[in-house]
$ cat final_32.cif   # mmCIF, C-alpha atoms and all ligand atoms
data_structure
#
loop_
_atom_site.label_atom_id
_atom_site.label_comp_id
_atom_site.auth_asym_id
_atom_site.auth_seq_id
_atom_site.Cartn_x
_atom_site.Cartn_y
_atom_site.Cartn_z
CA MET A 24 -7.42 20.06 39.88
CA GLU A 25 -6.13 20.99 36.43
CA LYS A 26 -7.72 17.90 34.84
CA MET A 27 -10.96 18.14 36.85
CA ILE A 28 -12.01 21.04 34.63
CA PHE A 29 -12.31 18.68 31.67
CA GLU A 30 -14.17 16.08 33.70
CA ASN A 31 -16.60 18.60 35.10
CA TYR A 32 -17.18 20.88 32.17
CA GLU A 33 -16.55 18.85 29.03
CA SER A 34 -18.86 16.20 27.60
CA LYS A 35 -18.25 12.51 28.08
CA VAL A 36 -17.92 12.23 24.34
CA GLN A 37 -14.18 12.93 24.59
CA SER A 38 -12.10 10.16 23.11
CA TYR A 39 -8.42 10.80 22.33
CA SER A 40 -8.01 12.62 25.64
CA ARG A 41 -8.97 9.42 27.47
CA LYS A 42 -6.20 7.50 25.76
CA PHE A 43 -3.59 10.23 26.07
CA PRO A 44 -4.46 11.92 29.37
CA ALA A 45 -2.06 14.85 29.50
CA VAL A 46 -2.72 18.57 29.13
CA PHE A 47 -0.77 19.62 26.08
CA ALA A 48 0.73 23.03 25.69
CA LYS A 49 3.37 23.26 22.98
CA ALA A 50 4.31 21.43 19.84
CA ILE A 51 6.98 21.58 17.19
CA GLY A 52 7.56 19.17 14.33
CA ALA A 53 6.96 15.62 15.53
CA THR A 54 7.07 16.43 19.24
CA VAL A 55 4.49 17.80 21.64
CA PHE A 56 4.93 18.97 25.22
CA ASP A 57 2.48 18.84 28.06
CA GLU A 58 2.01 21.78 30.41
CA LYS A 59 4.69 20.40 32.73
CA GLY A 60 7.17 20.42 29.87
CA ARG A 61 7.21 16.64 29.36
CA ARG A 62 8.05 15.71 25.79
CA TYR A 63 6.12 13.17 23.68
CA ILE A 64 6.95 11.92 20.21
CA ASP A 65 3.84 12.28 18.10
CA PHE A 66 2.97 9.29 15.93
CA LEU A 67 -0.68 10.41 15.87
CA ALA A 68 -0.14 13.82 14.30
CA GLY A 69 -3.76 14.96 14.47
CA ALA A 70 -4.93 11.62 13.03
CA GLY A 71 -3.06 12.47 9.86
CA SER A 72 -3.83 16.21 9.83
CA LEU A 73 -0.21 17.19 10.44
CA ASN A 74 1.73 15.57 7.62
CA TYR A 75 4.26 18.43 7.79
CA GLY A 76 4.43 18.40 11.59
CA HIS A 77 3.29 20.89 14.20
CA ASN A 78 4.02 24.57 13.67
CA ASP A 79 6.07 24.18 10.51
CA ARG A 80 8.26 27.30 10.50
CA TYR A 81 7.72 28.19 6.84
CA ILE A 82 3.98 27.64 6.84
CA LYS A 83 3.46 29.42 10.13
CA GLY A 84 5.54 32.37 8.98
CA LYS A 85 3.19 32.90 6.04
CA LEU A 86 0.18 32.71 8.34
CA ILE A 87 1.61 35.25 10.77
CA ASP A 88 2.41 37.68 7.95
CA TYR A 89 -1.13 37.27 6.63
CA LEU A 90 -2.73 37.90 10.03
CA LEU A 91 -0.55 40.86 11.00
CA ASP A 92 -1.43 42.69 7.81
CA ASP A 93 -5.24 42.86 8.29
CA ASN A 94 -5.93 40.48 5.42
CA ILE A 95 -9.41 39.02 5.26
CA CYS A 96 -10.02 35.95 7.46
CA HIS A 97 -13.67 34.99 6.95
CA SER A 98 -15.25 35.39 3.55
CA LEU A 99 -18.13 32.89 3.03
CA ASP A 100 -17.54 31.91 -0.61
CA LEU A 101 -16.59 35.37 -1.81
CA HIS A 102 -13.56 35.69 -4.05
CA THR A 103 -10.42 36.52 -2.09
CA VAL A 104 -6.77 36.94 -2.93
CA ALA A 105 -5.87 34.06 -0.61
CA LYS A 106 -8.31 31.71 -2.32
CA ARG A 107 -7.10 32.76 -5.76
CA GLU A 108 -3.51 32.05 -4.75
CA PHE A 109 -4.43 28.66 -3.33
CA LEU A 110 -6.33 27.67 -6.50
CA ASP A 111 -3.46 28.84 -8.66
CA THR A 112 -0.80 26.97 -6.65
CA PHE A 113 -2.90 23.82 -6.32
CA ASN A 114 -3.42 23.72 -10.09
CA THR A 115 0.16 24.59 -10.99
CA LEU A 116 2.01 22.32 -8.57
CA ILE A 117 -0.44 19.49 -7.87
CA LEU A 118 -3.03 19.00 -10.63
CA LYS A 119 -1.28 20.03 -13.85
CA PRO A 120 1.95 18.06 -13.34
CA ARG A 121 -0.22 14.97 -12.82
CA ASN A 122 -2.37 15.68 -15.89
CA LEU A 123 -5.44 16.05 -13.73
CA ALA A 124 -8.28 18.49 -14.35
CA TYR A 125 -10.70 19.08 -11.50
CA VAL A 126 -12.69 22.00 -10.19
CA CYS A 127 -12.56 22.64 -6.44
CA GLN A 128 -15.72 22.81 -4.37
CA PHE A 129 -14.94 24.41 -1.03
CA THR A 130 -17.21 22.92 1.61
CA GLY A 131 -17.60 23.40 5.33
CA PRO A 132 -14.23 22.89 6.96
CA THR A 133 -14.32 19.27 8.15
CA GLY A 134 -13.80 16.10 6.16
CA THR A 135 -17.33 14.88 6.70
CA ASN A 136 -18.65 18.06 5.03
CA ALA A 137 -16.72 17.16 1.89
CA VAL A 138 -18.09 13.62 1.93
CA GLU A 139 -21.67 14.88 2.35
CA ALA A 140 -21.22 17.18 -0.64
CA ALA A 141 -19.71 14.38 -2.73
CA PHE A 142 -22.64 12.05 -1.97
CA LYS A 143 -25.21 14.73 -2.79
CA LEU A 144 -23.49 15.57 -6.03
CA ALA A 145 -23.21 11.93 -7.12
CA ARG A 146 -26.91 11.47 -6.39
CA LYS A 147 -27.74 14.56 -8.40
CA ILE A 148 -25.57 13.47 -11.34
CA THR A 149 -27.09 10.00 -11.57
CA GLY A 150 -30.60 10.48 -10.17
CA ARG A 151 -29.96 7.38 -8.00
CA SER A 152 -29.87 7.23 -4.23
CA ASN A 153 -27.84 4.21 -3.21
CA ILE A 154 -24.12 4.47 -2.38
CA ILE A 155 -21.75 1.55 -2.11
CA SER A 156 -19.21 1.73 0.69
CA PHE A 157 -16.80 -0.97 1.84
CA THR A 158 -16.43 -3.05 4.95
CA ASN A 159 -14.40 -1.14 7.55
CA GLY A 160 -14.75 2.10 5.58
CA PHE A 161 -14.88 5.39 7.47
CA HIS A 162 -15.96 8.71 5.98
CA GLY A 163 -17.01 10.96 8.88
CA VAL A 164 -19.84 11.16 11.40
CA THR A 165 -22.53 13.48 10.02
CA LEU A 166 -25.58 11.49 9.02
CA GLY A 167 -24.92 10.93 5.32
CA ALA A 168 -21.24 10.12 5.70
CA LEU A 169 -21.98 8.10 8.83
CA SER A 170 -24.26 5.80 6.85
CA ALA A 171 -21.12 4.76 4.96
CA ALA A 172 -19.16 3.81 8.12
CA GLY A 173 -18.58 0.08 8.44
CA ASN A 174 -18.13 0.20 12.21
CA SER A 175 -21.51 -0.39 13.90
CA PHE A 176 -20.34 1.53 16.98
CA TYR A 177 -20.43 4.73 14.94
CA ARG A 178 -23.52 3.89 12.92
CA LYS A 179 -25.59 3.06 16.00
CA ALA A 180 -24.82 6.49 17.46
CA ALA A 181 -26.89 8.01 14.64
CA GLY A 182 -30.07 7.19 16.55
CA VAL A 183 -31.96 6.89 13.27
CA SER A 184 -31.57 4.31 10.56
CA ALA A 185 -28.53 4.96 8.42
CA ASN A 186 -29.98 4.48 4.94
CA ASN A 187 -29.14 4.31 1.26
CA VAL A 188 -25.77 2.64 1.62
CA THR A 189 -24.85 -0.93 0.73
CA PHE A 190 -21.64 -2.42 2.10
CA MET A 191 -19.43 -4.57 -0.08
CA PRO A 192 -16.29 -6.45 0.92
CA PHE A 193 -13.08 -4.43 0.67
CA ASP A 194 -10.00 -5.85 -1.05
CA GLY A 195 -8.78 -8.87 0.91
CA TYR A 196 -11.82 -9.01 3.20
CA PHE A 197 -12.17 -12.77 2.67
CA GLY A 198 -8.43 -13.36 2.38
CA LYS A 199 -6.01 -12.94 -0.48
CA GLU A 200 -7.49 -15.62 -2.74
CA ILE A 201 -10.97 -14.19 -3.05
CA ASP A 202 -11.53 -11.43 -5.58
CA THR A 203 -14.17 -9.28 -3.93
CA LEU A 204 -14.76 -7.22 -7.06
CA SER A 205 -15.88 -10.16 -9.18
CA MET A 206 -18.53 -10.71 -6.53
CA LEU A 207 -19.58 -7.05 -6.76
CA GLU A 208 -19.64 -7.25 -10.55
CA LYS A 209 -21.88 -10.31 -10.47
CA LEU A 210 -24.28 -8.51 -8.12
CA LEU A 211 -24.38 -5.47 -10.40
CA GLN A 212 -25.01 -7.60 -13.48
CA ASP A 213 -27.74 -9.74 -12.01
CA LYS A 214 -31.22 -8.19 -11.97
CA GLY A 215 -32.13 -10.73 -9.32
CA SER A 216 -29.32 -9.79 -6.91
CA GLY A 217 -31.37 -7.24 -4.97
CA LEU A 218 -28.59 -4.66 -5.32
CA ASP A 219 -29.77 -1.32 -6.68
CA LEU A 220 -27.44 0.32 -9.16
CA PRO A 221 -25.66 2.88 -6.96
CA ALA A 222 -25.05 6.55 -7.62
CA ALA A 223 -21.51 6.21 -6.35
CA ILE A 224 -18.91 3.95 -4.87
CA ILE A 225 -16.79 5.55 -2.16
CA VAL A 226 -13.44 4.06 -1.27
CA GLU A 227 -10.35 4.75 0.81
CA THR A 228 -7.25 3.36 -0.92
CA ILE A 229 -5.90 2.64 2.55
CA GLN A 230 -8.53 2.46 5.25
CA GLY A 231 -7.45 4.73 8.09
CA GLU A 232 -9.93 4.29 10.93
CA GLY A 233 -10.82 0.83 9.67
CA GLY A 234 -7.43 -0.66 10.54
CA VAL A 235 -4.92 0.30 7.83
CA ASN A 236 -6.26 -2.09 5.18
CA VAL A 237 -4.67 -1.57 1.78
CA ALA A 238 -6.45 -1.84 -1.56
CA SER A 239 -4.04 -3.10 -4.21
CA ASP A 240 -3.43 -1.02 -7.32
CA LYS A 241 -4.87 -3.81 -9.42
CA TRP A 242 -8.05 -3.91 -7.33
CA LEU A 243 -8.41 -0.12 -7.62
CA ARG A 244 -8.02 -0.32 -11.40
CA SER A 245 -10.73 -2.99 -11.60
CA LEU A 246 -12.97 -0.88 -9.38
CA ASP A 247 -12.42 2.11 -11.64
CA GLN A 248 -13.28 -0.03 -14.68
CA LEU A 249 -16.40 -1.37 -13.00
CA CYS A 250 -17.58 2.17 -12.25
CA LYS A 251 -17.02 3.18 -15.88
CA THR A 252 -18.87 0.14 -17.20
CA TYR A 253 -21.92 0.73 -15.03
CA GLY A 254 -21.95 4.54 -15.04
CA ILE A 255 -21.22 4.76 -11.31
CA VAL A 256 -19.46 7.82 -9.87
CA LEU A 257 -16.15 6.78 -8.28
CA ILE A 258 -15.35 8.79 -5.16
CA VAL A 259 -11.90 8.35 -3.66
CA ASP A 260 -11.92 9.60 -0.09
CA ASP A 261 -8.31 10.75 0.21
CA ILE A 262 -8.87 12.67 3.41
CA GLN A 263 -6.43 10.57 5.44
CA ALA A 264 -4.32 8.76 2.81
CA GLY A 265 -3.81 11.83 0.61
CA CYS A 266 -1.58 14.91 0.90
CA GLY A 267 1.62 12.89 0.61
CA ARG A 268 0.99 10.14 3.14
CA THR A 269 1.82 7.41 0.62
CA GLY A 270 4.72 9.30 -0.93
CA ASN A 271 2.66 10.72 -3.79
CA PHE A 272 0.32 13.67 -3.28
CA PHE A 273 -2.72 11.50 -4.02
CA SER A 274 -2.85 7.95 -2.73
CA PHE A 275 -4.31 6.56 -5.99
CA GLU A 276 -1.49 7.80 -8.23
CA SER A 277 0.34 4.48 -8.19
CA ALA A 278 -2.83 2.77 -9.46
CA GLY A 279 -3.00 5.19 -12.39
CA ILE A 280 -6.72 5.81 -11.96
CA ILE A 281 -8.52 9.14 -12.25
CA PRO A 282 -11.47 9.22 -9.83
CA ASP A 283 -14.59 11.19 -10.74
CA ILE A 284 -14.63 12.90 -7.35
CA ILE A 285 -11.94 13.21 -4.66
CA THR A 286 -12.40 14.41 -1.11
CA LEU A 287 -9.45 16.07 0.65
CA SER A 288 -9.14 17.55 4.12
CA LYS A 289 -6.99 16.65 7.18
CA SER A 290 -3.45 17.67 6.03
CA LEU A 291 -4.60 19.89 3.18
CA SER A 292 -4.13 23.14 5.11
CA GLY A 293 -0.65 22.03 6.10
CA MET A 294 -0.74 23.01 9.75
CA GLY A 295 -3.95 21.64 11.13
CA LEU A 296 -6.32 24.46 10.27
CA PRO A 297 -9.76 23.22 9.18
CA MET A 298 -10.21 23.12 5.42
CA SER A 299 -11.86 20.69 3.01
CA VAL A 300 -12.37 20.45 -0.70
CA VAL A 301 -14.23 18.22 -3.11
CA LEU A 302 -12.41 17.83 -6.41
CA ILE A 303 -14.91 17.32 -9.22
CA LYS A 304 -14.30 16.41 -12.86
CA PRO A 305 -15.46 19.56 -14.70
CA GLU A 306 -18.12 17.70 -16.71
CA LEU A 307 -19.64 16.35 -13.47
CA ASP A 308 -19.95 19.74 -11.82
CA VAL A 309 -23.72 19.95 -12.15
CA TRP A 310 -24.37 21.99 -9.02
CA ALA A 311 -26.79 24.89 -9.35
CA PRO A 312 -25.42 28.07 -7.76
CA GLY A 313 -25.92 27.97 -3.99
CA GLU A 314 -27.41 24.49 -4.03
CA HIS A 315 -24.96 23.35 -1.37
CA ASN A 316 -23.59 25.96 1.02
CA GLY A 317 -22.04 26.51 4.43
CA THR A 318 -20.89 29.52 6.42
CA PHE A 319 -17.31 28.41 6.92
CA ARG A 320 -16.27 27.67 3.35
CA GLY A 321 -13.90 30.60 3.26
CA ASN A 322 -11.26 29.95 5.89
CA ASN A 323 -8.64 32.24 4.38
CA PRO A 324 -5.90 31.56 6.95
CA ALA A 325 -6.21 27.90 5.88
CA PHE A 326 -5.96 28.85 2.19
CA VAL A 327 -2.75 30.71 3.03
CA THR A 328 -1.22 27.78 4.91
CA ALA A 329 -2.39 25.27 2.29
CA LYS A 330 -0.66 27.28 -0.42
CA ALA A 331 2.47 27.63 1.71
CA ALA A 332 2.56 23.87 2.35
CA ILE A 333 2.29 23.09 -1.35
CA ASP A 334 4.91 25.70 -2.31
CA HIS A 335 7.28 24.43 0.34
CA TYR A 336 6.86 20.67 0.00
CA TRP A 337 5.53 19.95 -3.49
CA ALA A 338 7.57 22.16 -5.83
CA ASP A 339 10.16 19.35 -6.03
CA ASP A 340 10.21 15.65 -5.18
CA ASN A 341 12.36 15.83 -2.03
CA LEU A 342 9.50 15.10 0.36
CA SER A 343 8.16 12.38 -1.87
CA ARG A 344 11.52 10.60 -2.01
CA ALA A 345 12.02 10.98 1.73
CA VAL A 346 8.63 9.37 2.36
CA HIS A 347 9.48 6.41 0.13
CA GLN A 348 12.77 5.93 1.99
CA LYS A 349 11.29 6.27 5.45
CA SER A 350 8.41 3.96 4.61
CA SER A 351 10.66 0.99 3.90
CA LEU A 352 12.56 1.65 7.09
CA LEU A 353 9.31 1.92 9.01
CA LYS A 354 8.05 -1.31 7.46
CA SER A 355 11.10 -3.33 8.44
CA ARG A 356 11.12 -1.96 11.97
CA ILE A 357 7.40 -2.69 12.43
CA GLU A 358 7.99 -6.22 11.15
CA SER A 359 10.73 -6.80 13.67
CA ILE A 360 8.61 -5.33 16.48
CA ALA A 361 5.70 -7.57 15.40
CA SER A 362 7.90 -10.61 15.94
CA LYS A 363 8.31 -9.64 19.62
CA ILE A 364 4.61 -9.86 20.40
CA ASP A 365 3.17 -13.29 21.14
CA GLY A 366 0.44 -14.42 18.80
CA ASP A 367 -0.35 -13.49 15.25
CA CYS A 368 1.01 -9.99 14.65
CA LYS A 369 1.53 -8.37 11.28
CA GLN A 370 2.79 -5.21 9.66
CA ARG A 371 0.34 -3.66 7.20
CA GLY A 372 -0.09 -0.48 5.18
CA ARG A 373 2.00 1.35 2.64
CA GLY A 374 3.94 4.59 2.45
CA MET A 375 3.95 6.26 5.84
CA MET A 376 0.47 4.96 6.59
CA GLN A 377 1.29 1.71 8.32
CA GLY A 378 -0.10 -0.41 11.07
CA LEU A 379 0.77 -3.22 13.40
CA ALA A 380 -2.12 -5.64 13.65
CA CYS A 381 -2.19 -7.21 17.13
CA PRO A 382 -3.99 -10.41 18.16
CA SER A 383 -6.63 -8.39 20.04
CA GLY A 384 -7.81 -4.88 20.73
CA GLU A 385 -6.84 -5.33 24.35
CA ILE A 386 -3.22 -6.04 23.52
CA ALA A 387 -3.02 -3.05 21.15
CA HIS A 388 -4.64 -0.88 23.81
CA HIS A 389 -2.10 -1.92 26.46
CA ILE A 390 0.80 -1.32 24.13
CA SER A 391 -0.52 2.14 23.22
CA ARG A 392 -1.03 2.98 26.91
CA GLU A 393 2.40 1.73 27.94
CA ALA A 394 4.04 3.62 25.05
CA PHE A 395 2.32 6.82 26.19
CA LYS A 396 3.83 6.34 29.68
CA HIS A 397 7.24 6.33 28.02
CA GLY A 398 6.61 9.38 25.86
CA LEU A 399 5.12 8.11 22.61
CA ILE A 400 1.68 8.96 21.22
CA LEU A 401 0.49 6.06 19.06
CA GLU A 402 -3.19 5.33 18.47
CA THR A 403 -5.20 2.22 17.72
CA SER A 404 -7.62 1.66 14.86
CA GLY A 405 -9.78 -1.07 13.38
CA ALA A 406 -13.23 -2.29 14.37
CA ARG A 407 -11.82 -3.90 17.53
CA GLY A 408 -9.06 -1.34 18.05
CA GLN A 409 -6.59 -4.11 17.31
CA VAL A 410 -4.32 -2.22 14.91
CA LEU A 411 -1.64 0.19 16.14
CA LYS A 412 -1.53 2.99 13.60
CA PHE A 413 1.60 4.93 12.67
CA LEU A 414 0.87 8.41 11.30
CA MET A 415 3.96 10.38 12.24
CA PRO A 416 4.63 13.62 10.33
CA LEU A 417 6.16 12.83 6.94
CA ASN A 418 9.11 15.13 7.60
CA ILE A 419 9.97 13.57 10.96
CA PRO A 420 13.76 13.46 11.37
CA LEU A 421 15.19 9.92 11.18
CA GLU A 422 16.53 10.07 14.76
CA LEU A 423 13.08 10.87 16.11
CA LEU A 424 11.49 8.16 13.99
CA HIS A 425 13.91 5.64 15.46
CA GLU A 426 13.52 7.02 18.95
CA GLY A 427 9.74 6.62 18.75
CA LEU A 428 10.06 3.07 17.51
CA ASP A 429 12.63 2.34 20.25
CA ILE A 430 10.08 3.55 22.82
CA LEU A 431 7.50 1.24 21.30
CA GLU A 432 9.88 -1.72 21.46
CA TYR A 433 10.83 -0.90 25.05
CA SER A 434 7.14 -0.63 25.99
CA ILE A 435 6.40 -4.06 24.56
CA ASP A 436 9.36 -5.47 26.54
CA GLN A 437 7.95 -3.86 29.69
CA LEU A 438 4.62 -5.57 29.15
CA GLY A 439 6.20 -8.99 28.68
CA GLY A 440 4.63 -11.85 26.78
CA GLU A 441 1.03 -12.78 26.27
CA GLY A 442 -0.90 -13.53 29.44
CA VAL A 443 0.86 -11.01 31.64
CA TYR A 444 -0.96 -8.01 30.23
CA PRO A 445 -2.75 -6.39 33.13
CA THR A 446 -6.51 -6.77 32.99
CA SER A 447 -8.25 -3.46 32.51
CA THR A 448 -11.64 -1.88 32.19
CA TYR A 449 -11.06 -1.79 28.44
CA GLN A 450 -14.17 -1.78 26.26
CA ASP A 451 -14.57 -1.50 22.52
CA ALA A 452 -16.33 1.82 22.99
CA ASP A 453 -13.27 3.27 24.73
CA ILE A 454 -10.90 2.68 21.96
CA ASN A 455 -12.82 3.80 18.95
C1 LIG B 501 -11.07 11.74 9.19
C2 LIG B 501 -11.73 11.23 8.00
C3 LIG B 501 -12.97 11.71 7.57
C4 LIG B 501 -13.77 12.70 8.36
O1 LIG B 501 -13.11 13.91 8.54
P1 LIG B 501 -13.61 14.88 9.74
O2 LIG B 501 -12.80 16.10 9.58
O3 LIG B 501 -13.30 14.15 11.01
O4 LIG B 501 -15.05 15.10 9.55
C5 LIG B 501 -13.51 11.20 6.40
N1 LIG B 501 -12.86 10.28 5.69
C6 LIG B 501 -11.67 9.78 6.06
C7 LIG B 501 -10.99 8.76 5.22
C8 LIG B 501 -11.07 10.23 7.25
O5 LIG B 501 -9.91 9.73 7.66
#
$ encode --input "final_32.cif" --output "structure tokens"
Amino acid sequence: MEKMIFENYESKVQSYSRKFPAVFAKAIGATVFDEKGRRYIDFLAGAGSLNYGHNDRYIKGKLIDYLLDDNICHSLDLHTVAKREFLDTFNTLILKPRNLAYVCQFTGPTGTNAVEAAFKLARKITGRSNIISFTNGFHGVTLGALSAAGNSFYRKAAGVSANNVTFMPFDGYFGKEIDTLSMLEKLLQDKGSGLDLPAAIIVETIQGEGGVNVASDKWLRSLDQLCKTYGIVLIVDDIQAGCGRTGNFFSFESAGIIPDIITLSKSLSGMGLPMSVVLIKPELDVWAPGEHNGTFRGNNPAFVTAKAAIDHYWADDNLSRAVHQKSSLLKSRIESIASKIDGDCKQRGRGMMQGLACPSGEIAHHISREAFKHGLILETSGARGQVLKFLMPLNIPLELLHEGLDILEYSIDQLGGEGVYPTSTYQDADIN
């Protein structure tokens, strides 16, 4: 009965709930509990929206104080104390120490809103319409952002043609030996190539939905150089890989590049409240007042929690160092788990954004399903759903990290070797 409600009254469009069919009630840190009190270790963490875990005590405390005191919650884009404090903290603890100067555009609260705004702005700056996105890229599902999604499953759902985007091969798309950027450069140079000079290039430094593919620092530097040479706006979509996931606040810091535009969302608010920003180099902020708007650009509770998260986790480098330590541990454990699965299995990713590429989507799907039976929430990604993706909260205690990985190992043992995976009604559409 209790699950029939969702079947009867909620649209078939549901996705995560099909893979993790429990009714969740409570959550703290890296654990969630269903309504019967069963505990799960959360390696999904809101698809990377909960880098500091569920219900972080410090962040939540600030939110409760704010709410109890009749402070303003909804404010369109009016000035508020909460927004001022967020802007101040973000500049003092994130931008200035990194020698970065950006203005913040607050957009509608989801990541795709930030991407739409970034595309519009790049088109306005350059007067060009085309955008270059990369194979297996993912930037959201509203029409503009959707056009830049590599996965045809998403693009087809648009129902209209998804225009004005050209796809280029991401780093490593043709294997390690082939430099995909020299190909792009040749196409840009050659008036006969058929490629229109784009307004912008949008890139994820580590592709989240696309299967945890990593762009090397060197490749990112060449991309940055290419954009400068041709007057193309470089947009780094740091919605999933940012906010500490790689150990630095921004995922591109290790490459030493300074993108023209950055999109942030997911973990920005620190406890899963919706909030997005576009960071714009001041000289590129050519918006006319009101030219891009949205009712929900002033989610003050999210400004409060975003500030609290930054105060609590980014005033020193403790979190950063912990992420670097945990990521090498995670890498070596994923490598050893990979060796247990028959066929070609590989660890990939960097920081605490890692994946385990399985020989097929079906195998990854069975592992994820078996792991869920034993109390671990671990999703799949990639065009065929073939990559198990590890996005546990960054501050997960070591014991829980190990316990989750132990569950994964146990689940793989339960399934046995290749060939004995149960056949299922698995379809690509189910797992994306
Ligand atoms: C999740 C995500 C988006 C879209 O964010 P929504 O809040 O789902 O609209 C865009 N880009 C990247 C890299 C993402 O991971």
$ residues_near_ligand --input "final_32.cif" --ligand "ligand LIG 501 (chain B)" --cutoff "8 Å" --atoms "all atoms listed in the file" --output "PDB file with C-alpha atoms, keeping the file's coordinate frame"
ATOM      1  CA  ALA A  70      -4.930  11.620  13.030  1.00  0.00           C
ATOM      2  CA  GLY A  71      -3.060  12.470   9.860  1.00  0.00           C
ATOM      3  CA  PRO A 132     -14.230  22.890   6.960  1.00  0.00           C
ATOM      4  CA  THR A 133     -14.320  19.270   8.150  1.00  0.00           C
ATOM      5  CA  GLY A 134     -13.800  16.100   6.160  1.00  0.00           C
ATOM      6  CA  THR A 135     -17.330  14.880   6.700  1.00  0.00           C
ATOM      7  CA  ASN A 136     -18.650  18.060   5.030  1.00  0.00           C
ATOM      8  CA  VAL A 138     -18.090  13.620   1.930  1.00  0.00           C
ATOM      9  CA  GLY A 160     -14.750   2.100   5.580  1.00  0.00           C
ATOM     10  CA  PHE A 161     -14.880   5.390   7.470  1.00  0.00           C
ATOM     11  CA  HIS A 162     -15.960   8.710   5.980  1.00  0.00           C
ATOM     12  CA  GLY A 163     -17.010  10.960   8.880  1.00  0.00           C
ATOM     13  CA  VAL A 164     -19.840  11.160  11.400  1.00  0.00           C
ATOM     14  CA  THR A 165     -22.530  13.480  10.020  1.00  0.00           C
ATOM     15  CA  ALA A 168     -21.240  10.120   5.700  1.00  0.00           C
ATOM     16  CA  GLU A 227     -10.350   4.750   0.810  1.00  0.00           C
ATOM     17  CA  GLN A 230      -8.530   2.460   5.250  1.00  0.00           C
ATOM     18  CA  GLY A 231      -7.450   4.730   8.090  1.00  0.00           C
ATOM     19  CA  GLU A 232      -9.930   4.290  10.930  1.00  0.00           C
ATOM     20  CA  ASP A 260     -11.920   9.600  -0.090  1.00  0.00           C
ATOM     21  CA  ASP A 261      -8.310  10.750   0.210  1.00  0.00           C
ATOM     22  CA  ILE A 262      -8.870  12.670   3.410  1.00  0.00           C
ATOM     23  CA  GLN A 263      -6.430  10.570   5.440  1.00  0.00           C
ATOM     24  CA  ALA A 264      -4.320   8.760   2.810  1.00  0.00           C
ATOM     25  CA  THR A 286     -12.400  14.410  -1.110  1.00  0.00           C
ATOM     26  CA  SER A 288      -9.140  17.550   4.120  1.00  0.00           C
ATOM     27  CA  LYS A 289      -6.990  16.650   7.180  1.00  0.00           C
ATOM     28  CA  PRO A 297      -9.760  23.220   9.180  1.00  0.00           C
TER      29      PRO A 297
END
$ atom_distance --input "final_32.cif" --atom1 "CA of Val327 (chain A)" --atom2 "CA of Lys85 (chain A)"
7.0 Å
$ atom_distance --input "final_32.cif" --atom1 "CA of Lys143 (chain A)" --atom2 "CA of Gly267 (chain A)"
27.1 Å
$ residues_near_point --input "final_32.cif" --point "(-8.8, -2.8, -12.7)" --cutoff "12 Å" --atoms "all atoms listed in the file" --output "list in words"
Asp202, Leu204, Ser205, Glu208, Ala238, Ser239, Asp240, Lys241, Trp242, Leu243, Arg244, Ser245, Leu246, Asp247, Gln248, Leu249, Cys250, Lys251, Thr252, Ala278, Gly279, Ile280 and Ile281 of chain A
$ closest_residue --input "final_32.cif" --among "A:Ile430, A:Arg107, A:Ala181, A:Thr203" --to "Arg392 (chain A)" --atoms "all atoms listed in the file"
A:Ile430
$ closest_residue --input "final_32.cif" --among "A:His388, A:His425, A:Lys363, A:His397" --to "Lys349 (chain A)" --atoms "all atoms listed in the file"
A:His425
$ closest_residue --input "final_32.cif" --among "A:Leu421, A:Ile400, A:Val410, A:Leu210" --to "Ser383 (chain A)" --atoms "all atoms listed in the file"
A:Val410
$ residues_around --input "final_32.cif" --residues "Ala406 (chain A)" --least-positions-apart "3" --cutoff "10 Å" --atoms "all atoms listed in the file" --output "ChimeraX atom specification"
/A:158-160,173-176,232-234,384,403,409-410,451,454-455
$ write_last_selection --input "final_32.cif" --atoms "C-alpha atoms" --output "PDB file, in the frame of the given file"
ATOM      1  CA  THR A 158     -16.430  -3.050   4.950  1.00  0.00           C
ATOM      2  CA  ASN A 159     -14.400  -1.140   7.550  1.00  0.00           C
ATOM      3  CA  GLY A 160     -14.750   2.100   5.580  1.00  0.00           C
ATOM      4  CA  GLY A 173     -18.580   0.080   8.440  1.00  0.00           C
ATOM      5  CA  ASN A 174     -18.130   0.200  12.210  1.00  0.00           C
ATOM      6  CA  SER A 175     -21.510  -0.390  13.900  1.00  0.00           C
ATOM      7  CA  PHE A 176     -20.340   1.530  16.980  1.00  0.00           C
ATOM      8  CA  GLU A 232      -9.930   4.290  10.930  1.00  0.00           C
ATOM      9  CA  GLY A 233     -10.820   0.830   9.670  1.00  0.00           C
ATOM     10  CA  GLY A 234      -7.430  -0.660  10.540  1.00  0.00           C
ATOM     11  CA  GLY A 384      -7.810  -4.880  20.730  1.00  0.00           C
ATOM     12  CA  THR A 403      -5.200   2.220  17.720  1.00  0.00           C
ATOM     13  CA  GLN A 409      -6.590  -4.110  17.310  1.00  0.00           C
ATOM     14  CA  VAL A 410      -4.320  -2.220  14.910  1.00  0.00           C
ATOM     15  CA  ASP A 451     -14.570  -1.500  22.520  1.00  0.00           C
ATOM     16  CA  ILE A 454     -10.900   2.680  21.960  1.00  0.00           C
ATOM     17  CA  ASN A 455     -12.820   3.800  18.950  1.00  0.00           C
TER      18      ASN A 455
END
$ atom_distance --input "final_32.cif" --atom1 "CA of Cys381 (chain A)" --atom2 "CA of Thr269 (chain A)"
22.4 Å
